[in-house]
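Heads up, the thing below is written out as structure tokens.
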Amino acid sequence: MDGERTYMKFEKVVIKNFRNFDNVELDLSNKNIFFGLNDVGKTNFLYALRYVFDKDIRKQNLLDSDFHNKQLDKPIEIVVTIDISDVADSDCQKLRAQLKGALLSEHNKVYIKLFAEYSKTEMLALPILSWGGDINHLYEMKQRGYLYEIDYVFNVIYIDSYVDLYSLFKKNVSQLVRNEKDEDKDILAKIQNTVDDLNGHIASLSGIKEFEDKLTPEYQKFHDEGISVSIKSEIAVKGLYSNIIPYIKQDNDDNLYPTAGEGRKKLLAYSIYDILSDENAEKKINLFLIEEPENHLHKSMQIALSQILFTDSKYTYLFVTTHSPFVLYEMDNVNLVRIYSERKINSISTFYKVPDAYEKNRKMLNRCLSEAIFANKVLLVEGPSEYMLFSKVLSVVHPFYEVDGIYILPVDGVGFETYFSILDELEIFNVVKTDNDLRAVTGKGTYSVLGFSRCNNYIGEKRLPTKQIQENSVSAKRSLYNSNINTLDKIRSDFHIFLSKVDLENDLDEFLHDRLSVLLDNDNPVKYLQDAKHYHMVELIEKLSDTDCRTIYNHYNFACLKEVAE
Amino acid sequence: MKLSPIQEKIVETPGNLIVRASAGTGKTHTMVNKIAKEIDDNHTHKVIAAITFTIKAAQEIKDRLSVDVVQHFIGTNNSFVIEEVIKPFMKDVYGADFDLDMSTDYSVKVDTFQKAIKKIRNEGILCSYRDNKRNFIFDLAQEIVENSSACRLYLQAKYFKIYIDEYQDCDKSMHKFFMYLCNELNIETFVVGDEKQSIYIWRGAYPEAFKSIWNKPNFKKIFMGDNFRSCQQIQNYSNLLCDETRSLYNPTENIDNIVWLSPTKANWATEVLSNIVPDKKSALLRFSNDNARIGASELTTNGLEYVYIPQTPIADITTDTAWLYTAIAKYLIIEKYSAYDVISEIPVEGNESRKTVSTVKRLLKRIEETIDDEQSFGSCVAALAEYLGYDTRPDHINKLFKTISDTSFHVAFEADKYKHIAITFHSSKGLEFEQVIVFAEDYRLFDMSSIYNHYVAVTRAKSKLIIVKLNNYNANCFQNNLQKIFSESGHNIEDIVLF
């Protein structure tokens with residue numbers, strides 16, 4: 001096949017009448033992040049996928065509580081669409097090899113459908129799986145025991161947020177540790193001898209003997225069946241593997257430490273899942289379904305995990321629920337799925353790729369974005385000065401603004417558009433506060449109206465004039481603003497874009513000049529503030545009274561605050 | 001059983017490989033070892049197809065493989081193309097009309113490809129050509145694989161290797177199909193066979209196909225000549241019959257393992273019996289069923305009981321249900337053959353997991369209770385077939401009834417039980433006996449087909465071969481031609497055979 005490889009690609013899922021979901025249709029990609037408030041159904045989204053792909057969940061069948069609002073007269077339907085047009089991709093081949101004649105020459109996609117009707121007599125719904133290249137003509141999958149054909153293709157690795165390292169290790173120890181080489185036979189025999197010796201020694205201890213001698217007649221009082229009780233090491237009874245667990249050994253230190261600490265255990269558990277998935281990787285398609293991986297992990301560990309999840313090729317097909325922005329710091333080529341509740345549960349998604357310009361510095365871009373997508377409302381501002389002042393004002397006027405999901409995002413060097421385009425697609429309400437900039441046109445002595453052009457650009461139509469002007473001054477900016485104030489007000493109400501009359505400092509100075517002069521002990525507060533931006537803004541914020549904050553909040557120049565807060 | 005160096009080499013050789021395996025060289029054993037190793041070495045999702053000519057041979061491979069074979073294809077060549085090409089992808093080439101249930105019935109004969117296609121569309125029957133040298137099933141599979149990209153991608157996505165047993169029995173259509181998979185779809189192919197054992201030329205088998213692969217540059221070649229079954233003298237006799245094995249001749253001191261008798265029609269049986277050791281297994285191999293039956297009775301009259309193993313009436317049933325008639329017959333005839341054995345013979349395709357043992361047991365019990373009444377017997381057989389998802393036909397049920405009510409057929413289901421038997425050499429393929437009796441008149445040796453038949457018959461013998469030459473035209477042809485063949489390598493019959 002010529003041209004760009006497409007690989008196998010998850011495309012869409014439709015969920016009908018299942019748990020929280022009446023009827024949702026959602027675009028998917030190979031890496032998907034599900035986020036949203038608690039109790040909106042993130043886990044149920046993963047369950048919908050698990051019912052389709054995970055034999056262990058499917059064999060539990062579906063109960064009346066799995067039907068949306070217990071609507072038992074309607075079936076549950078879950079349909080996943082996967083693009084398999086890349087015939088050279090081995091994952092596409094794994095699907096083809098099982099789909100057989102359900103896929104004809106003209107088909108490039110496979111639809112996998114779960115259908116379940118409630119049976120009143122059996123008090124449950126048996127899932128019926130079918131698949132094929134034509135959504136209107138799917139073929140029922142053959143079953144062998146509780147395995148369906150799809151179970152020979154996909155391997156689901158479901159990682160709970162509270163993964164138990166020791167039981168995970170014990171459950172899989174025979175797969176993880178294989179002592180099958182010839183030389184192992186001798187060693188295993190030696191171990192057996194050692195265990196026998198150990199038990200011999202244990203048995204010869206006087207305390208043990210005494211205990212056994214006491215215990216046996218005690219037991220026989222209850223039940224005389226001609227037995228005796230003996231005390232042995234567990235390894236002799238349950239076998240070698242019952243007795244090995246992972247320990248941590250630090251470099252340059254010969255002592256062993258138990259893997260205490262939930263964070264460390266969790267990372268070890270992830271490493272074990274890694275090995276288990278490798279065992280299957282060439283035979284099956286590994287799907288990673290991960291619930292809130294941030295639990296128990298310190299911020300730095302979450303960021304480390306983010307790095308692994310989004311850059312390791314092992315996690316090709318990833319479905320993660322999370323509340324943590326840190327887990328998203330390294331995200332790229334990922335489908336962001338926001339689940340929200342608005343009378344009924346709904347979802348919306350957008351594909352996010354780190355723009356080429358930020359490829360090398362994606363953390364800078366992702367950090368704020370990761371925080372913002374968890375918010376309900378976002379105020380996008382120019383930089384740290386705005387961020388500091390607005391945080392202060394809101395915390396006075398509206399002390400729980402963060403709890404209510406309001407987030408102030410300083411765009412700094414990145415620019416507004418990168419952020420608000422993603423927020424818009426996720427339908428996260430956002431307000432833009434930007435400066436009325438002018439830019440000198442080289443060699444002409446005129447100035448282009450940069451702030452106006454930016455607004456036109458953001459709203460996608462030319463509402464504001466873009467004719468160059470002759471002068472660059474505070475008063476020129478104010479007069480430019482005032483002569484277009486009606487249009488600018490309309491833009492405020494239509495698009496939630498708030499242009500400054502001049503900039504942060506001048507707009508404050510316009511109505512608080514005297515107060516600023518007093519607080520900062522300076523005749524020219526604008527100049528003072530702009531000279532050492534960070535430092536002096538911190539000083540101002542410390543000195544602003546609650547009344548000052550309310551004045552700012554209620555003023556036309558800072559109406560963006562009211563817009564986002566009310 | 002340990003592998004010989006040459007068998008080891010076959011197991012270890014990767015890529016396309018053709019193996020020429022003379023009779024008794026342990027070909028099945030080697031192939032099973034090779035399949036097991038290559039399944040074990042494979043770490044991808046892909047599987048293998050092991051393709052044989054008979055259900056019995058497929059079953060033998062399944063039984064001998066100790067690895068889990070659920071996802072792999074092990075079956076006959078026809079079931080391979082029907083299940084993997086025709087049923088799933090015919091609709092892709094011929095349209096949605098062909099998305100239907102199909103069953104095979106090769107007793108339905110037509111003249112043209114078009115008529116056979118119509119049979120499928122109208123009745124869902126996969127039939128055969130009247131000309132038994134042509135092969136409709138494989139012609140159709142070829143059409144489909146060449147015109148359906150979904151089919152080609154499926155086969156490539158699923159199989160990493162195909163193993164084909166008894167390749168000398170392939171006809172031209174099969175050969176073309178298998179070479180298409182190898183050359184056009186680049187699926188690795190392992191082929192084993194022996195043109196000397198080609199006894200189906202009369203029904204289209206095309207030993208040239210095997211030889212043509214032997215000359216292909218993209219195949220490695222290995223010859224297996226070490227016969228582990230027959231003694232050296234019998235090996236010498238069989239090796240001298242064909243060009244390519246003549247060099248294996250290895251002189252022996254004694255030549256009393258092969259006895260040439262020239263008796264009369266009246267005393268042949270006494271003469272033969274004076275050379276037979278009664279407590280070792282022996283078989284009289286004849287070309288026709290009649291002669292095998294008559295031979296058995298004459299030998300028995302003269303003092304040693306020979307059991308004629310007849311062709312059973314159900315043996316010529318060729319529908320998908322054929323296995324069920326055989327299984328029911330075995331259940332009714334063989335004492336230790338239980339309902340569980342019947343269940344174990346259910347072909348793997350389909351949803352066998354839904355069949356409960358208790359229902360099968362109950363239905364079999366009812367059949368057993370009605371063996372004296374053909375009518376209710378028929379309805380009970382039909383009920384079991386229906387439960388298992390198979391069609392029955394009245395004439396087939398009648399054949400089953402004949403098979404079980406005529407006790408003379410019963411021996412056919414337990415041929416191993418008898419020390420001395422008489423059968424046709426066609427049914428002796430894959431079997432071996434200490435002592436073998438053949439008649440010169442059955443092989444005129446005037447063409448390769450006849451020489452191959454003789455080769456198969458004599459290589460059944462482990463330690464003794466008795467050649468009975470009466471005085472008739474065909475037998476004289478045999479003697480003259482045999483002398484001619486042996487003299488090509490400078491030998492006389494008397495050097496190899498004890499007169």
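Every chain in the structure tokens has a letter given in the order shown (A, B, ...), and although residue numbers restart at 1 in each chain, ligands are simply numbered from 1 in the order shown.
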Check: Near stretch 388-403 of chain B, counting only C-alpha atoms, which residues have an atom at most 7 Å away, once you skip same-chain residues fewer than 6 positions from it, shown as a ChimeraX atom specification?
Finding: /B:312-314,321,325,374,378,382,409
Margin query: as an MDAnalysis selection string, could you give me every residue of chain A near chain B (at most 9 Å apart, counting only C-alpha atoms)?
Written below: chainID A and resid 87 90 92:107 142:145 152:153 280:284
Expected file contents, prior selection, N, CA and C atoms, as an mmCIF file, in the first residue's frame:
data_model
loop_
_atom_site.group_PDB
_atom_site.id
_atom_site.type_symbol
_atom_site.label_atom_id
_atom_site.label_comp_id
_atom_site.auth_asym_id
_atom_site.auth_seq_id
_atom_site.Cartn_x
_atom_site.Cartn_y
_atom_site.Cartn_z
ATOM 1 N N VAL A 87 -4.170 -2.743 5.153
ATOM 2 C CA VAL A 87 -4.072 -4.212 5.085
ATOM 3 C C VAL A 87 -2.713 -4.724 5.541
ATOM 4 N N SER A 90 -0.559 -5.287 11.282
ATOM 5 C CA SER A 90 -0.793 -6.621 11.836
ATOM 6 C C SER A 90 -2.044 -6.657 12.720
ATOM 7 N N CYS A 92 -4.830 -5.024 12.052
ATOM 8 C CA CYS A 92 -5.925 -5.184 11.089
ATOM 9 C C CYS A 92 -6.002 -6.653 10.637
ATOM 10 N N GLN A 93 -4.822 -7.247 10.470
ATOM 11 C CA GLN A 93 -4.790 -8.654 10.039
ATOM 12 C C GLN A 93 -5.367 -9.576 11.105
ATOM 13 N N LYS A 94 -5.103 -9.254 12.379
ATOM 14 C CA LYS A 94 -5.651 -10.086 13.452
ATOM 15 C C LYS A 94 -7.185 -10.092 13.369
ATOM 16 N N LEU A 95 -7.757 -8.935 13.067
ATOM 17 C CA LEU A 95 -9.210 -8.870 12.931
ATOM 18 C C LEU A 95 -9.694 -9.631 11.697
ATOM 19 N N ARG A 96 -9.021 -9.399 10.579
ATOM 20 C CA ARG A 96 -9.418 -10.085 9.340
ATOM 21 C C ARG A 96 -9.420 -11.596 9.493
ATOM 22 N N ALA A 97 -8.385 -12.091 10.174
ATOM 23 C CA ALA A 97 -8.226 -13.534 10.301
ATOM 24 C C ALA A 97 -9.411 -14.165 11.033
ATOM 25 N N GLN A 98 -10.088 -13.383 11.892
ATOM 26 C CA GLN A 98 -11.254 -13.949 12.572
ATOM 27 C C GLN A 98 -12.565 -13.569 11.886
ATOM 28 N N LEU A 99 -12.572 -12.433 11.207
ATOM 29 C CA LEU A 99 -13.812 -11.960 10.584
ATOM 30 C C LEU A 99 -14.235 -12.831 9.411
ATOM 31 N N LYS A 100 -13.252 -13.388 8.730
ATOM 32 C CA LYS A 100 -13.503 -14.310 7.621
ATOM 33 C C LYS A 100 -14.475 -13.666 6.631
ATOM 34 N N GLY A 101 -15.549 -14.345 6.262
ATOM 35 C CA GLY A 101 -16.469 -13.854 5.236
ATOM 36 C C GLY A 101 -17.398 -12.753 5.702
ATOM 37 N N ALA A 102 -17.267 -12.320 6.977
ATOM 38 C CA ALA A 102 -18.088 -11.200 7.438
ATOM 39 C C ALA A 102 -17.554 -9.887 6.875
ATOM 40 N N LEU A 103 -16.394 -9.962 6.244
ATOM 41 C CA LEU A 103 -15.765 -8.778 5.679
ATOM 42 C C LEU A 103 -15.561 -9.007 4.180
ATOM 43 N N LEU A 104 -16.222 -8.206 3.355
ATOM 44 C CA LEU A 104 -16.088 -8.382 1.910
ATOM 45 C C LEU A 104 -15.061 -7.405 1.347
ATOM 46 N N SER A 105 -14.772 -7.575 0.049
ATOM 47 C CA SER A 105 -13.694 -6.789 -0.556
ATOM 48 C C SER A 105 -13.908 -5.286 -0.472
ATOM 49 N N GLU A 106 -15.189 -4.848 -0.525
ATOM 50 C CA GLU A 106 -15.419 -3.397 -0.530
ATOM 51 C C GLU A 106 -15.384 -2.787 0.882
ATOM 52 N N HIS A 107 -15.259 -3.599 1.916
ATOM 53 C CA HIS A 107 -15.336 -3.067 3.286
ATOM 54 C C HIS A 107 -13.978 -2.622 3.837
ATOM 55 N N LYS A 142 -19.494 -16.728 16.462
ATOM 56 C CA LYS A 142 -19.550 -18.090 16.990
ATOM 57 C C LYS A 142 -19.033 -18.073 18.421
ATOM 58 N N GLN A 143 -19.591 -18.986 19.205
ATOM 59 C CA GLN A 143 -19.231 -19.071 20.612
ATOM 60 C C GLN A 143 -18.607 -20.417 20.893
ATOM 61 N N ARG A 144 -17.651 -20.408 21.778
ATOM 62 C CA ARG A 144 -17.070 -21.671 22.227
ATOM 63 C C ARG A 144 -16.974 -21.517 23.742
ATOM 64 N N GLY A 145 -17.842 -22.201 24.459
ATOM 65 C CA GLY A 145 -17.931 -21.946 25.883
ATOM 66 C C GLY A 145 -18.358 -20.503 26.057
ATOM 67 N N TYR A 152 -10.548 -14.054 20.632
ATOM 68 C CA TYR A 152 -9.286 -14.524 20.078
ATOM 69 C C TYR A 152 -8.491 -13.367 19.451
ATOM 70 N N VAL A 153 -9.129 -12.199 19.384
ATOM 71 C CA VAL A 153 -8.476 -11.041 18.762
ATOM 72 C C VAL A 153 -8.003 -10.021 19.807
ATOM 73 N N ASN A 280 1.340 -11.219 25.190
ATOM 74 C CA ASN A 280 0.238 -11.351 24.259
ATOM 75 C C ASN A 280 0.383 -10.540 22.992
ATOM 76 N N ALA A 281 1.304 -9.559 23.040
ATOM 77 C CA ALA A 281 1.277 -8.486 22.050
ATOM 78 C C ALA A 281 1.215 -8.962 20.600
ATOM 79 N N GLU A 282 1.936 -10.046 20.265
ATOM 80 C CA GLU A 282 1.944 -10.435 18.865
ATOM 81 C C GLU A 282 0.754 -11.298 18.475
ATOM 82 N N LYS A 283 0.146 -11.931 19.455
ATOM 83 C CA LYS A 283 -0.981 -12.813 19.151
ATOM 84 C C LYS A 283 -2.310 -12.072 19.186
ATOM 85 N N LYS A 284 -2.402 -11.103 20.090
ATOM 86 C CA LYS A 284 -3.672 -10.415 20.260
ATOM 87 C C LYS A 284 -3.461 -8.902 20.271
#
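Restricting the calculation to only C-alpha atoms, the smallest distance between B:Tyr94 and any of B:Asn16, B:Ser358, B:Ser173, B:Gln114 is found for B:Gln114.
A straight line drawn from atom CA of A:Gly263 to atom CA of A:Met364 is 25.4 Å long.
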Next item on the list: Mind the document's chain letters and residue numbers, and return as JSON, numbers by chain the residues of stretch 237-411 of chain B that DSSP labels strand (DSSP E or B).
Entry: {"B": [258, 259, 260, 261, 282, 283, 284, 285, 286, 307, 308]}
Keeping only N, CA and C atoms, write the selected residues to a file as an mmCIF file, in the first residue's frame.
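As written to disk, result.cif reads:
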data_model
loop_
_atom_site.group_PDB
_atom_site.id
_atom_site.type_symbol
_atom_site.label_atom_id
_atom_site.label_comp_id
_atom_site.auth_asym_id
_atom_site.auth_seq_id
_atom_site.Cartn_x
_atom_site.Cartn_y
_atom_site.Cartn_z
ATOM 1 N N ILE B 258 10.915 -62.825 0.135
ATOM 2 C CA ILE B 258 9.935 -62.717 -0.961
ATOM 3 C C ILE B 258 9.854 -64.071 -1.659
ATOM 4 N N VAL B 259 8.636 -64.598 -1.693
ATOM 5 C CA VAL B 259 8.455 -65.939 -2.284
ATOM 6 C C VAL B 259 7.608 -65.827 -3.535
ATOM 7 N N TRP B 260 8.073 -66.422 -4.584
ATOM 8 C CA TRP B 260 7.335 -66.426 -5.869
ATOM 9 C C TRP B 260 6.704 -67.795 -6.035
ATOM 10 N N LEU B 261 5.391 -67.859 -6.130
ATOM 11 C CA LEU B 261 4.702 -69.132 -6.314
ATOM 12 C C LEU B 261 4.068 -69.161 -7.694
ATOM 13 N N SER B 282 -1.366 -61.262 8.610
ATOM 14 C CA SER B 282 -1.162 -61.283 7.162
ATOM 15 C C SER B 282 -2.370 -60.677 6.456
ATOM 16 N N ALA B 283 -2.148 -60.292 5.208
ATOM 17 C CA ALA B 283 -3.249 -59.725 4.417
ATOM 18 C C ALA B 283 -3.134 -60.177 2.975
ATOM 19 N N LEU B 284 -4.269 -60.571 2.428
ATOM 20 C CA LEU B 284 -4.350 -60.826 0.984
ATOM 21 C C LEU B 284 -4.846 -59.523 0.350
ATOM 22 N N LEU B 285 -4.025 -58.951 -0.523
ATOM 23 C CA LEU B 285 -4.399 -57.683 -1.165
ATOM 24 C C LEU B 285 -4.766 -57.950 -2.616
ATOM 25 N N ARG B 286 -6.017 -57.593 -3.013
ATOM 26 C CA ARG B 286 -6.437 -57.819 -4.399
ATOM 27 C C ARG B 286 -6.932 -56.515 -5.003
ATOM 28 N N VAL B 307 -10.504 -63.283 6.983
ATOM 29 C CA VAL B 307 -11.739 -62.508 7.021
ATOM 30 C C VAL B 307 -11.724 -61.477 5.897
ATOM 31 N N TYR B 308 -12.737 -61.556 5.055
ATOM 32 C CA TYR B 308 -12.853 -60.567 3.983
ATOM 33 C C TYR B 308 -13.439 -59.270 4.561
#
Notebook entry, point to check: At what distance in Å, to one decimal, does atom CA of A:Ile541 lie from atom CA of A:Asp514?
Noted result: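 About the pair atom CA of A:Asp514 and atom CA of A:Ile541: they are 15.9 Å apart.
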Next item on the list: Give me the residues within 8 Å of stretch 376-379 of chain A as an NGL selection string, counting only C-alpha atoms and dropping any in the same chain fewer than 5 places off.
Entry: :A and (404-409 or 428-433 or 560-561 or 564)
Next item on the list: Grab the atom CA of A:Tyr556 to atom CA of A:Asp437 distance for me, in Å with one decimal place.
Entry: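 Separation between atom CA of A:Tyr556 and atom CA of A:Asp437: 18.8 Å.
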Item checked: Spatial neighbours of B:Lys221, 12 Å, only C-alpha atoms, chain gap at least 2 places, as an MDAnalysis selection string -> chainID B and resid 6 9:10 13:21 190:193 210:219 223:224
Next item on the list: Please provide as a PyMOL selection string all residues within 10 Å of A:Tyr270, with the sequence filter that same-chain residues fewer than 5 positions apart are discarded (counting only C-alpha atoms).
Entry: chain A and resi 159+163+165+264-265+275-276+293+305
